[in-house]
>>> print(open('my_file25.txt').read())   # compact mmCIF, C-alpha atoms
# COMPACT_ATOMS: atom_id res chain seq x y z
CA MET A 1 12.09 -45.96 -24.35
CA VAL A 2 12.58 -44.68 -27.86
CA ILE A 3 15.89 -43.00 -28.50
CA LYS A 4 15.34 -39.97 -30.63
CA VAL A 5 17.74 -39.99 -33.55
CA LYS A 6 16.94 -36.97 -35.60
CA LYS A 7 19.93 -35.74 -37.48
CA ILE A 8 19.70 -32.17 -38.64
CA GLY A 9 21.62 -31.42 -41.83
CA ARG A 10 24.11 -28.61 -42.15
CA PHE A 11 23.60 -27.83 -45.80
CA HIS A 12 19.99 -27.36 -46.83
CA VAL A 13 19.15 -26.79 -50.47
CA LEU A 14 15.70 -25.39 -51.17
CA THR A 15 14.57 -26.35 -54.63
CA ASP A 16 12.91 -23.59 -56.59
CA THR A 17 11.12 -23.47 -59.94
CA LEU A 18 10.01 -19.85 -59.89
CA LEU A 19 13.43 -18.20 -59.93
CA GLN A 20 14.58 -20.54 -62.67
CA HIS A 21 12.82 -22.73 -65.21
CA ARG A 22 15.59 -24.99 -66.50
CA PHE A 23 15.24 -27.67 -63.84
CA SER A 24 12.29 -29.28 -62.09
CA HIS A 25 12.17 -29.68 -58.30
CA GLU A 26 13.08 -33.32 -58.73
CA GLN A 27 16.03 -32.55 -61.00
CA LEU A 28 17.31 -29.91 -58.61
CA ALA A 29 17.00 -32.32 -55.70
CA GLY A 30 18.96 -34.91 -57.67
CA LEU A 31 21.72 -32.45 -58.57
CA ALA A 32 21.94 -31.07 -55.04
CA LEU A 33 22.15 -34.57 -53.58
CA GLU A 34 24.91 -35.49 -56.02
CA GLY A 35 26.73 -32.31 -55.04
CA GLY A 36 26.53 -33.13 -51.35
CA ALA A 37 23.47 -31.38 -49.89
CA ASP A 38 22.42 -33.12 -46.69
CA THR A 39 18.88 -31.73 -46.52
CA ILE A 40 16.46 -30.97 -49.34
CA GLN A 41 13.59 -28.61 -48.76
CA PHE A 42 10.57 -28.37 -51.03
CA ARG A 43 9.12 -24.89 -50.99
CA GLN A 44 6.34 -23.98 -53.35
CA LYS A 45 3.50 -21.58 -52.81
CA ILE A 46 1.62 -22.00 -56.08
CA GLY A 47 -0.03 -24.86 -57.93
CA THR A 48 -2.51 -27.47 -56.84
CA THR A 49 -2.11 -29.74 -53.84
CA ARG A 50 -2.12 -32.74 -56.17
CA GLU A 51 0.75 -31.28 -58.21
CA MET A 52 2.74 -30.66 -55.06
CA ILE A 53 2.28 -34.23 -53.89
CA GLN A 54 3.14 -35.56 -57.33
CA THR A 55 6.36 -33.55 -57.13
CA THR A 56 7.39 -34.40 -53.58
CA GLY A 57 6.76 -38.13 -53.97
CA PRO A 58 9.67 -38.68 -56.41
CA MET A 59 11.81 -36.18 -54.47
CA GLN A 60 11.29 -38.20 -51.33
CA ALA A 61 12.33 -41.37 -53.18
CA LEU A 62 15.57 -39.68 -54.27
CA CYS A 63 16.22 -38.39 -50.76
CA ARG A 64 15.56 -41.80 -49.18
CA ARG A 65 18.05 -43.39 -51.52
CA ALA A 66 20.64 -40.78 -50.56
CA GLY A 67 19.83 -41.07 -46.86
CA VAL A 68 19.00 -37.38 -46.73
CA PRO A 69 15.85 -35.89 -45.21
CA LEU A 70 13.23 -34.20 -47.36
CA ILE A 71 11.61 -31.28 -45.63
CA VAL A 72 8.40 -29.72 -46.91
CA ASN A 73 7.90 -26.01 -46.41
CA ASP A 74 4.61 -24.89 -44.83
CA ARG A 75 2.27 -27.58 -46.14
CA LEU A 76 1.55 -30.18 -43.49
CA ASP A 77 -0.84 -31.94 -45.84
CA VAL A 78 1.82 -32.28 -48.53
CA ALA A 79 4.39 -33.38 -45.96
CA ILE A 80 2.08 -36.14 -44.73
CA ALA A 81 1.11 -37.30 -48.21
CA SER A 82 4.70 -37.48 -49.41
CA LEU A 83 5.99 -39.17 -46.26
CA ALA A 84 8.45 -36.32 -45.85
CA ASP A 85 10.95 -36.48 -43.02
CA GLY A 86 10.18 -33.02 -41.86
CA ILE A 87 8.37 -29.76 -42.22
CA HIS A 88 9.65 -26.22 -42.16
CA LEU A 89 7.25 -23.63 -40.80
CA GLY A 90 7.47 -19.89 -41.18
CA GLN A 91 5.72 -17.39 -38.98
CA GLU A 92 2.74 -17.32 -41.37
CA ASP A 93 2.59 -21.06 -41.88
CA PHE A 94 0.94 -23.89 -40.02
CA PRO A 95 1.26 -23.49 -36.21
CA ILE A 96 4.37 -25.25 -34.90
CA PRO A 97 2.89 -26.71 -31.66
CA LEU A 98 0.01 -28.30 -33.56
CA ALA A 99 2.39 -29.65 -36.21
CA ARG A 100 4.42 -31.30 -33.45
CA LYS A 101 1.29 -32.80 -31.95
CA ILE A 102 0.19 -34.23 -35.28
CA LEU A 103 3.57 -35.31 -36.66
CA GLY A 104 5.15 -36.57 -33.43
CA GLU A 105 8.65 -36.33 -32.07
CA LYS A 106 10.33 -38.28 -34.85
CA THR A 107 9.50 -35.75 -37.53
CA ILE A 108 11.95 -32.91 -38.08
CA ILE A 109 10.29 -29.56 -37.52
CA GLY A 110 12.13 -26.41 -38.45
CA GLY A 111 10.95 -22.89 -37.80
CA SER A 112 11.78 -19.61 -39.51
CA ALA A 113 12.87 -16.62 -37.49
CA SER A 114 14.02 -13.17 -38.54
CA THR A 115 14.42 -11.71 -35.05
CA LEU A 116 15.73 -12.92 -31.73
CA ASP A 117 12.18 -12.92 -30.37
CA GLU A 118 10.97 -15.17 -33.16
CA ALA A 119 13.89 -17.51 -32.57
CA HIS A 120 12.94 -17.72 -28.88
CA LYS A 121 9.35 -18.41 -29.89
CA CYS A 122 10.51 -21.22 -32.19
CA LEU A 123 12.46 -22.71 -29.29
CA LEU A 124 9.47 -22.56 -26.94
CA GLU A 125 7.22 -24.09 -29.59
CA GLY A 126 9.47 -27.11 -29.91
CA VAL A 127 11.27 -26.88 -33.24
CA ASP A 128 14.34 -29.02 -33.92
CA TYR A 129 16.22 -26.24 -35.68
CA VAL A 130 15.77 -22.59 -36.50
CA GLY A 131 16.20 -21.18 -39.99
CA PHE A 132 17.43 -17.69 -39.27
CA GLY A 133 17.50 -14.86 -41.75
CA PRO A 134 17.67 -13.26 -44.16
CA VAL A 135 21.26 -12.80 -43.02
CA PHE A 136 22.08 -10.84 -46.16
CA THR A 137 19.75 -9.20 -48.65
CA THR A 138 18.16 -11.78 -50.86
CA THR A 139 16.14 -11.79 -54.04
CA SER A 140 14.99 -15.40 -53.63
CA LYS A 141 12.11 -14.70 -51.30
CA GLU A 142 9.68 -11.92 -52.17
CA ASP A 143 8.46 -11.33 -48.64
CA ALA A 144 11.84 -11.53 -46.94
CA GLY A 145 12.35 -8.75 -44.42
CA PRO A 146 15.49 -6.63 -43.94
CA ALA A 147 18.80 -8.42 -43.61
CA SER A 148 19.79 -9.33 -40.06
CA GLY A 149 23.53 -9.14 -40.68
CA LEU A 150 26.11 -11.37 -39.06
CA GLY A 151 25.89 -9.64 -35.67
CA LEU A 152 22.31 -10.63 -34.99
CA LEU A 153 22.92 -14.11 -36.39
CA LYS A 154 25.75 -14.52 -33.88
CA GLN A 155 23.54 -13.34 -31.03
CA VAL A 156 20.86 -15.88 -31.99
CA VAL A 157 23.47 -18.64 -32.17
CA GLN A 158 24.66 -17.72 -28.67
CA GLU A 159 21.23 -17.40 -27.08
CA ILE A 160 19.23 -20.19 -28.70
CA PRO A 161 20.30 -23.73 -27.75
CA LEU A 162 19.26 -25.24 -31.05
CA PRO A 163 20.94 -25.77 -34.43
CA ILE A 164 20.73 -22.44 -36.24
CA ILE A 165 20.60 -22.64 -40.02
CA ALA A 166 21.54 -19.36 -41.64
CA ILE A 167 19.55 -18.39 -44.73
CA GLY A 168 19.31 -15.43 -47.08
CA GLY A 169 21.93 -14.17 -49.50
CA ILE A 170 24.51 -16.78 -48.57
CA THR A 171 27.15 -17.26 -51.24
CA GLN A 172 30.43 -19.06 -51.69
CA GLU A 173 32.07 -15.74 -50.85
CA ASN A 174 30.44 -15.11 -47.47
CA ILE A 175 29.84 -18.63 -46.18
CA ILE A 176 33.04 -18.66 -44.12
CA GLN A 177 31.99 -15.52 -42.26
CA VAL A 178 28.55 -17.03 -41.73
CA MET A 179 29.96 -20.23 -40.24
CA GLN A 180 32.32 -18.22 -38.04
CA THR A 181 29.28 -16.92 -36.13
CA GLY A 182 28.86 -20.46 -34.85
CA ALA A 183 25.86 -21.18 -37.07
CA TYR A 184 25.13 -24.88 -37.33
CA GLY A 185 24.63 -24.77 -41.06
CA ILE A 186 23.27 -22.91 -44.05
CA ALA A 187 20.32 -23.01 -46.40
CA VAL A 188 20.46 -21.72 -49.94
CA ILE A 189 18.08 -21.29 -52.82
CA SER A 190 19.44 -19.28 -55.75
CA ALA A 191 23.08 -19.90 -54.86
CA VAL A 192 22.42 -23.44 -56.06
CA CYS A 193 19.22 -23.44 -58.12
CA CYS A 194 20.08 -20.39 -60.24
CA GLN A 195 23.68 -21.35 -60.93
CA LYS A 196 24.76 -22.63 -64.31
CA ASP A 197 25.68 -25.97 -62.77
CA PRO A 198 23.68 -26.57 -59.56
CA ARG A 199 25.57 -29.80 -58.79
CA GLU A 200 28.96 -28.11 -59.03
CA ALA A 201 27.69 -25.11 -57.01
CA THR A 202 26.53 -27.51 -54.32
CA ARG A 203 29.84 -29.34 -54.39
CA ILE A 204 31.81 -26.14 -53.87
CA PHE A 205 29.59 -25.07 -50.95
CA ARG A 206 30.02 -28.49 -49.44
CA SER A 207 33.78 -28.46 -49.72
CA ILE A 208 33.97 -24.99 -48.15
CA LEU A 209 31.69 -26.18 -45.32
CA GLU A 210 33.88 -29.25 -44.79
CA SER A 211 37.06 -27.23 -44.76
CA GLY A 212 35.61 -25.71 -41.61
CA HIS A 213 36.91 -22.32 -40.71
CA HIS A 214 39.76 -22.54 -43.16
CA ALA A 215 39.19 -19.70 -45.62
CA MET B 1 -19.30 -50.39 -31.89
CA VAL B 2 -19.41 -46.77 -32.92
CA ILE B 3 -22.55 -45.78 -34.75
CA LYS B 4 -21.64 -43.51 -37.59
CA VAL B 5 -23.84 -40.44 -37.51
CA LYS B 6 -22.69 -38.25 -40.30
CA LYS B 7 -25.43 -36.04 -41.55
CA ILE B 8 -24.84 -34.56 -44.96
CA GLY B 9 -26.45 -31.17 -45.48
CA ARG B 10 -28.69 -30.35 -48.41
CA PHE B 11 -27.85 -26.70 -48.74
CA HIS B 12 -24.15 -25.91 -48.83
CA VAL B 13 -22.99 -22.32 -48.93
CA LEU B 14 -19.38 -21.75 -50.00
CA THR B 15 -18.10 -18.51 -48.59
CA ASP B 16 -16.08 -16.42 -50.98
CA THR B 17 -14.04 -13.23 -50.60
CA LEU B 18 -12.65 -13.00 -54.12
CA LEU B 19 -15.91 -12.50 -55.99
CA GLN B 20 -17.05 -9.92 -53.44
CA HIS B 21 -15.29 -7.78 -50.88
CA ARG B 22 -18.13 -6.53 -48.69
CA PHE B 23 -18.18 -9.47 -46.30
CA SER B 24 -15.51 -11.63 -44.69
CA HIS B 25 -15.71 -15.42 -44.71
CA GLU B 26 -16.88 -15.30 -41.12
CA GLN B 27 -19.57 -12.72 -41.85
CA LEU B 28 -20.83 -14.72 -44.82
CA ALA B 29 -20.91 -17.89 -42.72
CA GLY B 30 -22.92 -16.04 -40.07
CA LEU B 31 -25.41 -14.67 -42.61
CA ALA B 32 -25.77 -18.01 -44.38
CA LEU B 33 -26.37 -19.79 -41.08
CA GLU B 34 -29.01 -17.25 -40.12
CA GLY B 35 -30.63 -17.73 -43.50
CA GLY B 36 -30.76 -21.50 -43.09
CA ALA B 37 -27.70 -23.02 -44.77
CA ASP B 38 -27.02 -26.46 -43.30
CA THR B 39 -23.40 -26.77 -44.45
CA ILE B 40 -20.74 -24.10 -44.72
CA GLN B 41 -17.74 -24.66 -46.91
CA PHE B 42 -14.56 -22.63 -46.69
CA ARG B 43 -12.83 -22.43 -50.04
CA GLN B 44 -9.82 -20.20 -50.47
CA LYS B 45 -6.84 -20.73 -52.71
CA ILE B 46 -4.77 -17.69 -51.80
CA GLY B 47 -3.19 -16.29 -48.65
CA THR B 48 -1.04 -17.86 -45.99
CA THR B 49 -1.84 -21.02 -44.10
CA ARG B 50 -1.92 -19.03 -40.87
CA GLU B 51 -4.49 -16.61 -42.30
CA MET B 52 -6.66 -19.51 -43.42
CA ILE B 53 -6.58 -21.08 -39.97
CA GLN B 54 -7.29 -17.74 -38.33
CA THR B 55 -10.34 -17.47 -40.57
CA THR B 56 -11.68 -20.99 -40.20
CA GLY B 57 -11.32 -21.04 -36.42
CA PRO B 58 -14.09 -18.45 -35.81
CA MET B 59 -16.15 -19.93 -38.66
CA GLN B 60 -16.03 -23.29 -36.96
CA ALA B 61 -17.17 -21.70 -33.69
CA LEU B 62 -20.18 -20.18 -35.49
CA CYS B 63 -21.00 -23.48 -37.19
CA ARG B 64 -20.72 -25.44 -33.94
CA ARG B 65 -23.15 -23.09 -32.28
CA ALA B 66 -25.58 -23.57 -35.17
CA GLY B 67 -25.08 -27.34 -35.23
CA VAL B 68 -23.97 -27.15 -38.85
CA PRO B 69 -20.83 -28.76 -40.26
CA LEU B 70 -17.93 -26.66 -41.50
CA ILE B 71 -16.22 -28.21 -44.48
CA VAL B 72 -12.81 -27.03 -45.66
CA ASN B 73 -12.04 -27.19 -49.35
CA ASP B 74 -8.80 -28.89 -50.40
CA ARG B 75 -6.59 -28.06 -47.41
CA LEU B 76 -6.30 -31.03 -45.07
CA ASP B 77 -3.88 -29.06 -42.90
CA VAL B 78 -6.36 -26.22 -42.47
CA ALA B 79 -9.19 -28.68 -41.84
CA ILE B 80 -7.21 -30.37 -39.07
CA ALA B 81 -6.07 -27.12 -37.48
CA SER B 82 -9.56 -25.66 -37.42
CA LEU B 83 -11.22 -28.86 -36.20
CA ALA B 84 -13.46 -28.77 -39.23
CA ASP B 85 -16.18 -31.40 -39.57
CA GLY B 86 -15.22 -32.23 -43.07
CA ILE B 87 -13.12 -31.69 -46.14
CA HIS B 88 -14.11 -31.27 -49.74
CA LEU B 89 -11.62 -32.55 -52.27
CA GLY B 90 -11.49 -31.76 -55.95
CA GLN B 91 -9.71 -33.83 -58.55
CA GLU B 92 -6.57 -31.69 -58.15
CA ASP B 93 -6.69 -31.58 -54.37
CA PHE B 94 -5.41 -33.86 -51.65
CA PRO B 95 -5.99 -37.56 -52.50
CA ILE B 96 -9.32 -38.79 -51.12
CA PRO B 97 -8.21 -42.28 -49.92
CA LEU B 98 -5.33 -40.79 -47.94
CA ALA B 99 -7.62 -38.12 -46.48
CA ARG B 100 -9.97 -40.86 -45.30
CA LYS B 101 -7.09 -42.76 -43.75
CA ILE B 102 -5.87 -39.69 -41.88
CA LEU B 103 -9.21 -38.18 -40.89
CA GLY B 104 -11.11 -41.36 -40.13
CA GLU B 105 -14.68 -42.41 -40.75
CA LYS B 106 -16.31 -39.72 -38.64
CA THR B 107 -15.08 -36.87 -40.80
CA ILE B 108 -17.25 -35.82 -43.72
CA ILE B 109 -15.37 -36.17 -46.99
CA GLY B 110 -16.87 -34.77 -50.14
CA GLY B 111 -15.46 -35.14 -53.62
CA SER B 112 -15.89 -33.04 -56.74
CA ALA B 113 -16.88 -34.63 -60.01
CA SER B 114 -17.67 -33.13 -63.38
CA THR B 115 -18.22 -36.40 -65.24
CA LEU B 116 -19.86 -39.73 -64.51
CA ASP B 117 -16.42 -41.35 -64.40
CA GLU B 118 -15.20 -38.92 -61.78
CA ALA B 119 -18.34 -39.51 -59.74
CA HIS B 120 -17.67 -43.27 -59.87
CA LYS B 121 -14.09 -42.64 -58.81
CA CYS B 122 -15.29 -40.56 -55.86
CA LEU B 123 -17.57 -43.42 -54.85
CA LEU B 124 -14.77 -45.97 -55.04
CA GLU B 125 -12.45 -43.70 -53.07
CA GLY B 126 -14.90 -43.52 -50.20
CA VAL B 127 -16.44 -40.05 -50.20
CA ASP B 128 -19.61 -39.35 -48.22
CA TYR B 129 -21.12 -37.15 -50.90
CA VAL B 130 -20.33 -36.00 -54.41
CA GLY B 131 -20.37 -32.37 -55.44
CA PHE B 132 -21.36 -32.61 -59.08
CA GLY B 133 -21.03 -29.82 -61.61
CA PRO B 134 -20.91 -27.27 -62.93
CA VAL B 135 -24.51 -28.05 -63.78
CA PHE B 136 -24.93 -24.66 -65.44
CA THR B 137 -22.31 -22.20 -66.62
CA THR B 138 -20.77 -20.42 -63.70
CA THR B 139 -18.53 -17.45 -63.20
CA SER B 140 -17.71 -18.32 -59.59
CA LYS B 141 -14.96 -20.79 -60.34
CA GLU B 142 -12.25 -19.85 -62.81
CA ASP B 143 -11.26 -23.38 -63.71
CA ALA B 144 -14.75 -24.82 -63.94
CA GLY B 145 -15.22 -26.97 -67.01
CA PRO B 146 -18.22 -26.95 -69.39
CA ALA B 147 -21.68 -27.21 -67.89
CA SER B 148 -23.00 -30.75 -67.44
CA GLY B 149 -26.63 -29.81 -67.84
CA LEU B 150 -29.53 -31.43 -65.99
CA GLY B 151 -29.42 -34.64 -68.06
CA LEU B 152 -25.98 -35.70 -66.90
CA LEU B 153 -26.77 -34.64 -63.33
CA LYS B 154 -29.80 -36.93 -63.41
CA GLN B 155 -27.72 -39.81 -64.74
CA VAL B 156 -25.19 -39.34 -61.92
CA VAL B 157 -27.99 -39.25 -59.36
CA GLN B 158 -29.35 -42.50 -60.75
CA GLU B 159 -26.03 -44.35 -60.98
CA ILE B 160 -24.14 -43.19 -57.89
CA PRO B 161 -25.58 -44.42 -54.58
CA LEU B 162 -24.42 -41.38 -52.63
CA PRO B 163 -25.87 -37.97 -51.85
CA ILE B 164 -25.27 -35.82 -54.94
CA ILE B 165 -24.88 -32.12 -54.30
CA ALA B 166 -25.41 -30.09 -57.45
CA ILE B 167 -23.14 -27.09 -57.92
CA GLY B 168 -22.48 -24.48 -60.58
CA GLY B 169 -24.81 -21.74 -61.75
CA ILE B 170 -27.66 -22.71 -59.45
CA THR B 171 -30.13 -19.89 -58.87
CA GLN B 172 -33.52 -19.37 -57.27
CA GLU B 173 -34.92 -19.69 -60.79
CA ASN B 174 -33.50 -23.12 -61.66
CA ILE B 175 -33.28 -24.81 -58.26
CA ILE B 176 -36.62 -26.60 -58.69
CA GLN B 177 -35.46 -28.21 -61.94
CA VAL B 178 -32.20 -29.18 -60.25
CA MET B 179 -33.97 -30.87 -57.35
CA GLN B 180 -36.31 -32.65 -59.75
CA THR B 181 -33.32 -34.64 -61.03
CA GLY B 182 -33.28 -36.34 -57.63
CA ALA B 183 -30.19 -34.45 -56.46
CA TYR B 184 -29.77 -34.65 -52.71
CA GLY B 185 -28.97 -30.98 -52.38
CA ILE B 186 -27.26 -27.93 -53.80
CA ALA B 187 -24.16 -25.85 -53.21
CA VAL B 188 -23.93 -22.19 -54.10
CA ILE B 189 -21.31 -19.49 -54.04
CA SER B 190 -22.29 -16.26 -55.82
CA ALA B 191 -26.02 -16.91 -55.56
CA VAL B 192 -25.56 -16.17 -51.87
CA CYS B 193 -22.23 -14.37 -51.42
CA CYS B 194 -22.68 -11.89 -54.25
CA GLN B 195 -26.29 -10.99 -53.51
CA LYS B 196 -27.21 -7.69 -51.92
CA ASP B 197 -28.52 -9.51 -48.85
CA PRO B 198 -26.82 -12.91 -48.46
CA ARG B 199 -29.00 -13.86 -45.50
CA GLU B 200 -32.21 -13.16 -47.38
CA ALA B 201 -30.86 -14.96 -50.49
CA THR B 202 -30.10 -17.97 -48.31
CA ARG B 203 -33.53 -17.83 -46.72
CA ILE B 204 -35.26 -17.84 -50.11
CA PHE B 205 -33.20 -20.81 -51.32
CA ARG B 206 -34.02 -22.63 -48.14
CA SER B 207 -37.72 -22.04 -48.42
CA ILE B 208 -37.75 -23.22 -52.04
CA LEU B 209 -35.77 -26.33 -51.01
CA GLU B 210 -38.23 -27.02 -48.19
CA SER B 211 -41.24 -26.56 -50.44
CA GLY B 212 -39.90 -29.64 -52.19
CA HIS B 213 -40.99 -30.12 -55.76
CA HIS B 214 -43.65 -27.51 -55.52
CA ALA B 215 -42.69 -24.90 -58.13
>>> encode(input="my_file25.txt", output="structure tokens")
Amino acid sequence: MVIKVKKIGRFHVLTDTLLQHRFSHEQLAGLALEGGADTIQFRQKIGTTREMIQTTGPMQALCRRAGVPLIVNDRLDVAIASLADGIHLGQEDFPIPLARKILGEKTIIGGSASTLDEAHKCLLEGVDYVGFGPVFTTTSKEDAGPASGLGLLKQVVQEIPLPIIAIGGITQENIIQVMQTGAYGIAVISAVCCQKDPREATRIFRSILESGHHA
Amino acid sequence: MVIKVKKIGRFHVLTDTLLQHRFSHEQLAGLALEGGADTIQFRQKIGTTREMIQTTGPMQALCRRAGVPLIVNDRLDVAIASLADGIHLGQEDFPIPLARKILGEKTIIGGSASTLDEAHKCLLEGVDYVGFGPVFTTTSKEDAGPASGLGLLKQVVQEIPLPIIAIGGITQENIIQVMQTGAYGIAVISAVCCQKDPREATRIFRSILESGHHA
């Protein structure tokens, strides 16, 4: 019998090169890892497949060295080619049940949900965690729907027996409130990538997360 | 021992919904199959993964019924999800050797080449056929390089011991010259998709192809 050891991180940093142009995906991953991110997610919707793989390869090497999983957003092909530890699938991405069938139980599969129904669907389809949001209004994701608010996040946390990662508009100012809903962790994009010093921004998030509910 | 029966078509129609908006991918596949195409290729660079899979699923059903392979361009994930018979990989797409490893020997893998060197590389990497071009100037593909002309096509046909599928600017007027280079077959986009009657355009191509070198 294989014991499933699949540790889900509590602080996901999604690297982004559209909202900012100072750092590459690889540089952002490096800075976030140094600052204490425990999951790196590669999310890119443009460019060639080859470019994506050429980007995720070095990111995966960095993540391996840090003992942190690299999760690829949407693209199963890129995830496979870069030997990523996981894949994160939105409602318009590759089907979750088929991804599980292809990637097996050892691969981390996250699903995006913006409603309680979608979170239930993610659960039924076999994800390892649910990325829930946008909790607050966000400018990082063009097609993000209306903000769920903390109330709905809390309801999802209570009803869905999976790690819930809150995403969307999370800042150093509201993270305590977010974690007080019982959320398992958070995912950020601009709150790290678009800050003057992404490493320091990550470090501050991390220290607030570690201080637990102490505001 | 498994006998490898992998028939490569001689008349590939790439469905396109960017150059024209009258027909869907599925409709174009249906018309091309009725007109006598013996390979359908799905090539789309925009839209969500889910949309792509929702499009290729019905296309694959049509192709199965016609006994014609469906080949997905670039996207290994979409090819897997839609149970496509093959994948066509350009120089900036998913790496060919890895695709072969994942998809196995039974899956058709085509590679794009625009130079003799690239055609050699495709051969070494284990493709089943080479799509060579653009032979003539084309408006169907934004990033197509300069036209190779018939001379270079002929050289590729002579040096590369694989089926060579000529692509790029092929019309009912020049197809005879193209086939006289010894090319195994042709692939077209606008010469079918952008014609008033795609089925009839396909039928005419087919009849010229079948008439062999008779001009």
>>> residues_around(input="my_file25.txt", residues="range 128-131 of chain A", least_positions_apart="5", cutoff="7 Å", atoms="all atoms listed in the file", output="ChimeraX atom specification")
/A:108-113,119,122,162-167
>>> residues_around(input="my_file25.txt", residues="Glu173 in chain A", least_positions_apart="5", cutoff="12 Å", atoms="all atoms listed in the file", output="ChimeraX atom specification")
/A:178-179,191,204-205,208-209,215
>>> closest_atom_pairs(input="my_file25.txt", of="chain A", to="chain B", cutoff="7 Å", atoms="all atoms listed in the file", output="CSV")
residue,atom,partner,partner_atom,distance
A:Thr48,CA,B:Glu92,CA,6.0
A:Thr49,CA,B:Asp93,CA,5.0
A:Arg50,CA,B:Glu92,CA,5.0
A:Leu76,CA,B:Asp77,CA,5.6
A:Asp77,CA,B:Asp77,CA,5.1
A:Glu92,CA,B:Arg50,CA,5.0
A:Asp93,CA,B:Thr49,CA,5.0
A:Phe94,CA,B:Arg50,CA,5.7
>>> closest_residue(input="my_file25.txt", among="B:Arg65, B:Lys7, B:Lys106, B:Lys101", to="Ala29 in chain B", atoms="all atoms listed in the file")
B:Arg65
>>> closest_residue(input="my_file25.txt", among="A:Ser82, A:Thr115, A:Thr39, A:Thr181", to="Gln158 in chain A", atoms="all atoms listed in the file")
A:Thr181
>>> atom_distance(input="my_file25.txt", atom1="CA of Ile176 in chain B", atom2="CA of Phe132 in chain B")
16.4 Å
>>> residues_around(input="my_file25.txt", residues="Glu34 in chain B", least_positions_apart="4", cutoff="12 Å", atoms="all atoms listed in the file", output="list of chain:residue names")
B:Val13, B:Gln27, B:Leu28, B:Ala29, B:Gly30, B:Asp38, B:Thr39, B:Ile40, B:Leu62, B:Cys63, B:Arg65, B:Ala66, B:Gly67, B:Val68, B:Asp197, B:Pro198, B:Arg199, B:Glu200, B:Ala201, B:Thr202, B:Arg203, B:Ile204, B:Arg206
>>> atom_distance(input="my_file25.txt", atom1="CA of Ile170 in chain B", atom2="CA of Leu116 in chain B")
19.4 Å
>>> closest_residue(input="my_file25.txt", among="B:Val156, B:Leu83, B:Ile175, B:Met59", to="Glu118 in chain B", atoms="only C-alpha atoms")
B:Val156
>>> atom_distance(input="my_file25.txt", atom1="CA of Gly149 in chain A", atom2="CA of Pro134 in chain A")
8.0 Å
>>> residues_near_point(input="my_file25.txt", point="(-21.5, -42.9, -52.9)", cutoff="6 Å", atoms="all atoms listed in the file", output="ChimeraX atom specification")
/B:123,160-162
>>> residues_around(input="my_file25.txt", residues="Gly126 in chain A", least_positions_apart="6", cutoff="8 Å", atoms="all atoms listed in the file", output="list in words")
Ile96, Pro97 and Arg100 of chain A
